[in-house]
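Asks: Got start_13.cif for you, mmCIF, C-alpha atoms:
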data_entry
loop_
_atom_site.label_atom_id
_atom_site.label_comp_id
_atom_site.auth_asym_id
_atom_site.auth_seq_id
_atom_site.Cartn_x
_atom_site.Cartn_y
_atom_site.Cartn_z
CA MET A 271 9.36 -19.57 27.58
CA GLY A 272 7.07 -21.82 25.57
CA ALA A 273 4.42 -19.06 25.33
CA VAL A 274 6.96 -16.61 23.91
CA GLU A 275 8.11 -19.11 21.31
CA LYS A 276 4.51 -19.92 20.41
CA LYS A 277 3.63 -16.23 20.05
CA GLY A 278 6.72 -15.58 17.91
CA HIS A 279 5.91 -18.59 15.75
CA GLY A 280 2.33 -17.35 15.33
CA ALA A 281 3.58 -13.90 14.34
CA PHE A 282 5.81 -15.46 11.71
CA ILE A 283 2.91 -17.46 10.30
CA TRP A 284 0.70 -14.35 10.12
CA LEU A 285 3.50 -12.38 8.46
CA MET A 286 3.99 -15.09 5.85
CA ALA A 287 0.21 -15.28 5.28
CA VAL A 288 -0.04 -11.52 4.71
CA LEU A 289 2.99 -11.58 2.40
CA LEU A 290 1.51 -14.48 0.40
CA ILE A 291 -1.86 -12.74 0.16
CA GLY A 292 -0.19 -9.53 -1.01
CA ILE A 293 2.05 -11.24 -3.54
CA GLY A 294 -0.80 -13.44 -4.77
CA ALA A 295 -3.16 -10.49 -5.17
CA GLY A 296 -0.44 -8.55 -7.01
CA VAL A 297 0.21 -11.43 -9.38
CA ILE A 298 -3.52 -11.90 -10.02
CA LEU A 299 -4.05 -8.18 -10.68
CA SER A 300 -1.07 -8.09 -13.03
CA ILE A 301 -2.17 -11.20 -14.92
CA PHE A 302 -5.75 -9.92 -15.16
CA ASP A 303 -4.43 -6.62 -16.50
CA GLN A 304 -2.30 -8.34 -19.14
CA ILE A 305 -4.89 -10.99 -20.16
CA HIS A 306 -7.52 -8.38 -20.86
CA GLY A 307 -5.14 -6.68 -23.27
CA PHE A 308 -4.79 -3.50 -21.31
CA GLY A 309 -1.05 -3.76 -20.94
CA PHE A 310 0.79 -1.18 -18.96
CA GLY A 311 0.17 2.31 -20.20
CA PHE A 312 2.86 4.89 -20.64
CA GLY A 313 1.74 8.44 -20.50
CA PHE A 314 -2.00 8.79 -20.98
CA GLY A 315 -3.48 5.82 -22.76
CA ARG A 316 -0.44 4.91 -24.88
CA GLN A 317 0.56 1.28 -24.71
CA LEU A 318 4.08 0.12 -24.17
CA PRO A 319 5.28 -2.56 -26.52
CA PHE A 320 6.26 -5.73 -24.69
CA ASN A 321 9.85 -5.12 -23.74
CA LEU A 322 12.06 -5.16 -20.68
CA LEU A 323 10.11 -2.35 -19.02
CA GLU A 324 6.86 -4.31 -18.67
CA PRO A 325 8.30 -6.97 -16.32
CA VAL A 326 9.67 -4.15 -14.16
CA LEU A 327 6.22 -2.56 -14.00
CA THR A 328 4.66 -5.95 -13.22
CA LEU A 329 7.10 -6.41 -10.35
CA ASN A 330 6.29 -2.88 -9.16
CA ALA A 331 2.57 -3.72 -9.19
CA ILE A 332 3.20 -6.91 -7.20
CA LEU A 333 5.37 -5.10 -4.65
CA SER A 334 2.86 -2.24 -4.35
CA THR A 335 0.02 -4.70 -3.72
CA THR A 336 2.12 -6.50 -1.12
CA SER A 337 2.81 -3.18 0.60
CA ILE A 338 -0.91 -2.48 0.69
CA ALA A 339 -1.58 -5.89 2.27
CA LEU A 340 1.07 -5.24 4.93
CA LEU A 341 -0.33 -1.77 5.64
CA VAL A 342 -3.85 -3.16 6.03
CA ALA A 343 -2.55 -5.81 8.45
CA LEU A 344 -0.66 -3.16 10.45
CA LEU A 345 -3.71 -0.94 10.47
CA ILE A 346 -5.82 -3.78 11.89
CA VAL A 347 -3.23 -4.44 14.61
CA TYR A 348 -3.01 -0.79 15.69
CA VAL A 349 -6.76 -0.12 15.51
CA ARG A 350 -7.23 -3.11 17.80
CA LEU A 351 -4.47 -1.81 20.10
CA TYR A 352 -6.01 1.67 20.17
CA SER A 353 -9.46 0.27 20.94
CA GLU A 354 -7.98 -1.61 23.91
CA THR A 355 -5.69 1.13 25.30
CA ARG A 356 -7.01 4.47 23.96
CA ALA A 357 -3.37 5.59 23.86
CA ASN A 358 -2.65 8.71 21.78
CA PHE A 359 0.49 7.09 20.42
CA SER A 360 -1.57 4.23 18.98
CA LEU A 361 -3.98 6.76 17.48
CA GLY A 362 -1.02 8.52 15.87
CA LEU A 363 0.14 5.24 14.38
CA VAL A 364 -3.36 4.58 13.02
CA ILE A 365 -3.41 8.02 11.36
CA VAL A 366 0.06 7.54 9.84
CA LEU A 367 -0.84 4.05 8.62
CA CYS A 368 -4.05 5.39 7.03
CA ALA A 369 -2.05 8.06 5.22
CA LEU A 370 0.53 5.54 4.05
CA LEU A 371 -2.28 3.26 2.86
CA LEU A 372 -3.95 6.10 0.93
CA ASN A 373 -0.59 7.05 -0.54
CA SER A 374 0.03 3.44 -1.62
CA LEU A 375 -3.43 3.16 -3.15
CA ILE A 376 -3.18 6.45 -5.02
CA SER A 377 0.28 5.70 -6.35
CA HIS A 378 -0.37 2.02 -7.24
CA PRO A 379 0.98 1.45 -10.76
CA LEU A 380 -2.16 -0.25 -12.05
CA LEU A 381 -4.31 2.63 -10.78
CA LEU A 382 -2.03 5.18 -12.41
CA VAL A 383 -2.30 3.30 -15.71
CA ARG A 384 -6.11 3.24 -15.46
CA ALA A 385 -6.47 6.86 -14.32
CA GLY A 386 -5.98 8.23 -17.81
CA PRO A 387 -5.92 11.98 -18.19
CA ILE A 388 -6.29 13.65 -14.83
CA PRO A 389 -7.60 17.22 -14.97
CA LEU A 390 -4.80 18.45 -12.74
CA GLY A 391 -2.10 16.34 -14.37
CA PRO A 392 -0.20 13.35 -12.98
CA ARG A 393 2.10 15.38 -10.76
CA GLU A 394 -0.81 16.99 -8.93
CA PHE A 395 -2.47 13.58 -8.55
CA LEU A 396 0.63 12.20 -6.87
CA SER A 397 1.02 15.40 -4.84
CA THR A 398 -2.39 14.67 -3.35
CA ALA A 399 -0.95 11.45 -1.94
CA GLU A 400 1.90 13.41 -0.40
CA ILE A 401 -0.59 15.76 1.30
CA PHE A 402 -2.02 12.79 3.22
CA LEU A 403 1.47 11.89 4.40
CA VAL A 404 2.39 15.41 5.51
CA VAL A 405 -0.83 15.81 7.52
CA ALA A 406 -0.44 12.37 9.10
CA TYR A 407 3.18 12.94 10.02
CA ALA A 408 2.30 16.31 11.58
CA VAL A 409 -0.48 14.75 13.66
CA PHE A 410 1.79 11.87 14.66
CA LEU A 411 4.55 14.27 15.74
CA TYR A 412 2.08 16.34 17.74
CA LEU A 413 0.70 13.26 19.51
CA SER A 414 4.21 11.96 20.14
CA LEU A 415 5.23 15.22 21.79
CA GLU A 416 2.18 15.38 24.08
#
As structure tokens, how would this structure be written, given the file I've shared?
Replies:
Amino acid sequence: MGAVEKKGHGAFIWLMAVLLIGIGAGVILSIFDQIHGFGFGFGFGRQLPFNLLEPVLTLNAILSTTSIALLVALLIVYVRLYSETRANFSLGLVIVLCALLLNSLISHPLLLVRAGPIPLGPREFLSTAEIFLVVAYAVFLYLSLE
């Protein structure tokens, strides 16, 4: 029983470490963005005046960065599991996690602010992220049904 408690305690420590790394990175990115005078953009290149919306966007950036940190940690766990077991289910999880990570990166608020005018428009840019998810979910369903 001691080994189970130790493993659970270790998992909690790793979870807290990943959360702290994600939150810390999000805070640093947000502060760096605001110190350098970029501010959060609204539309293409227009600056928002400092108002109640900017703290909401800052929180969104912090949460998005934390999500990315968690997805990277999950991806590492399942790549390691797949390398040990070669199980199709683990491979499906790796593919889905990669798609979720790409989706999170593409839709990160600080990236969207920096992207500026996108030749296809913002909706098509975000639709690209959704394509990754649809393909990954289809592959994951196929592997789950095998």
Asks: Choose the residue, out of A:Val347, A:Leu361, A:Asn373, A:Ile291, that has the smallest atom-to-atom separation from Ile332 in chain A; count only C-alpha atoms.
Replies: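 The shortest atom-to-atom distance to Ile332 in chain A comes from A:Ile291.
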Asks: Considering only C-alpha atoms, can you say which of A:Leu289, A:Leu367, A:Leu344, A:Val349 comes closest to Tyr407 in chain A?
Replies: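 Ranking A:Leu289, A:Leu367, A:Leu344, A:Val349 by distance to Tyr407 in chain A, first place goes to A:Leu367.
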Asks: Quote the spacing between CA of Leu299 in chain A and CA of Ala343 in chain A in Å to one decimal place.
Replies: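 That distance, rounded to one decimal, is 19.3 Å.
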Asks: Expressed in Å to a single decimal, how great is the separation between CA of Ala406 in chain A and CA of Trp284 in chain A?
Replies: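 Computing the Euclidean distance for CA of Ala406 in chain A and CA of Trp284 in chain A yields 26.8 Å.
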Asks: Please, what distance in Å, to one decimal, runs between CA of Leu345 in chain A and CA of Gly362 in chain A?
Replies: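 If I compute the distance from CA of Leu345 in chain A to CA of Gly362 in chain A, I get 11.2 Å.
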Asks: Could you expand the PyMOL selection byres ((chain A and resi 369) around 9) into the explicit residues it covers here, written as a list of chain:residue names?
Replies: A:Val364, A:Ile365, A:Val366, A:Leu367, A:Cys368, A:Leu370, A:Leu371, A:Leu372, A:Asn373, A:Ser374, A:Ala399, A:Glu400, A:Ile401, A:Phe402, A:Leu403, A:Val404, A:Val405, A:Ala406, A:Tyr407
Asks: Return the single residue from A:Leu381, A:Ala408, A:Val342, A:Leu413 that is closest to Asn358 in chain A, with distances computed using all atoms listed in the file.
Replies: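 Using all atoms listed in the file, the shortest distance to Asn358 in chain A belongs to A:Leu413.
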Asks: Mind rebuilding range 339-363 of chain A with N, CA and C atoms and writing that out as a short mmCIF file (atom, residue, chain, number, x, y, z; two decimals), keeping the file's coordinate frame?
Replies:
data_model
loop_
_atom_site.label_atom_id
_atom_site.label_comp_id
_atom_site.auth_asym_id
_atom_site.auth_seq_id
_atom_site.Cartn_x
_atom_site.Cartn_y
_atom_site.Cartn_z
N ALA A 339 -1.16 -4.80 1.37
CA ALA A 339 -1.58 -5.89 2.27
C ALA A 339 -0.92 -5.75 3.64
N LEU A 340 0.37 -5.43 3.65
CA LEU A 340 1.07 -5.24 4.93
C LEU A 340 0.52 -4.03 5.70
N LEU A 341 0.23 -2.95 4.98
CA LEU A 341 -0.33 -1.77 5.64
C LEU A 341 -1.71 -2.05 6.22
N VAL A 342 -2.53 -2.80 5.50
CA VAL A 342 -3.85 -3.16 6.03
C VAL A 342 -3.70 -4.01 7.29
N ALA A 343 -2.78 -4.98 7.27
CA ALA A 343 -2.55 -5.81 8.45
C ALA A 343 -2.07 -4.96 9.64
N LEU A 344 -1.13 -4.05 9.37
CA LEU A 344 -0.66 -3.16 10.45
C LEU A 344 -1.78 -2.28 10.97
N LEU A 345 -2.60 -1.79 10.07
CA LEU A 345 -3.71 -0.94 10.47
C LEU A 345 -4.67 -1.71 11.38
N ILE A 346 -4.95 -2.95 11.05
CA ILE A 346 -5.82 -3.78 11.89
C ILE A 346 -5.21 -3.97 13.28
N VAL A 347 -3.91 -4.24 13.32
CA VAL A 347 -3.23 -4.44 14.61
C VAL A 347 -3.33 -3.18 15.48
N TYR A 348 -3.04 -2.02 14.89
CA TYR A 348 -3.01 -0.79 15.69
C TYR A 348 -4.39 -0.24 15.99
N VAL A 349 -5.39 -0.50 15.16
CA VAL A 349 -6.76 -0.12 15.51
C VAL A 349 -7.22 -0.95 16.70
N ARG A 350 -6.89 -2.23 16.67
CA ARG A 350 -7.23 -3.11 17.80
C ARG A 350 -6.51 -2.64 19.07
N LEU A 351 -5.22 -2.29 18.94
CA LEU A 351 -4.47 -1.81 20.10
C LEU A 351 -5.05 -0.50 20.63
N TYR A 352 -5.42 0.40 19.73
CA TYR A 352 -6.01 1.67 20.17
C TYR A 352 -7.35 1.44 20.85
N SER A 353 -8.15 0.53 20.32
CA SER A 353 -9.46 0.27 20.94
C SER A 353 -9.31 -0.31 22.35
N GLU A 354 -8.22 -1.03 22.59
CA GLU A 354 -7.98 -1.61 23.91
C GLU A 354 -7.35 -0.61 24.88
N THR A 355 -6.46 0.27 24.40
CA THR A 355 -5.69 1.13 25.30
C THR A 355 -6.10 2.60 25.27
N ARG A 356 -6.68 3.05 24.16
CA ARG A 356 -7.01 4.47 23.96
C ARG A 356 -5.78 5.37 24.09
N ALA A 357 -4.62 4.84 23.77
CA ALA A 357 -3.37 5.59 23.86
C ALA A 357 -3.23 6.49 22.64
N ASN A 358 -2.83 7.76 22.88
CA ASN A 358 -2.65 8.71 21.78
C ASN A 358 -1.59 8.24 20.80
N PHE A 359 -0.57 7.57 21.30
CA PHE A 359 0.49 7.09 20.42
C PHE A 359 -0.08 6.08 19.41
N SER A 360 -0.94 5.19 19.88
CA SER A 360 -1.57 4.23 18.98
C SER A 360 -2.45 4.94 17.96
N LEU A 361 -3.15 5.98 18.40
CA LEU A 361 -3.98 6.76 17.48
C LEU A 361 -3.11 7.41 16.41
N GLY A 362 -1.95 7.93 16.83
CA GLY A 362 -1.02 8.52 15.87
C GLY A 362 -0.56 7.50 14.85
N LEU A 363 -0.27 6.30 15.31
CA LEU A 363 0.14 5.24 14.38
C LEU A 363 -0.99 4.89 13.41
#
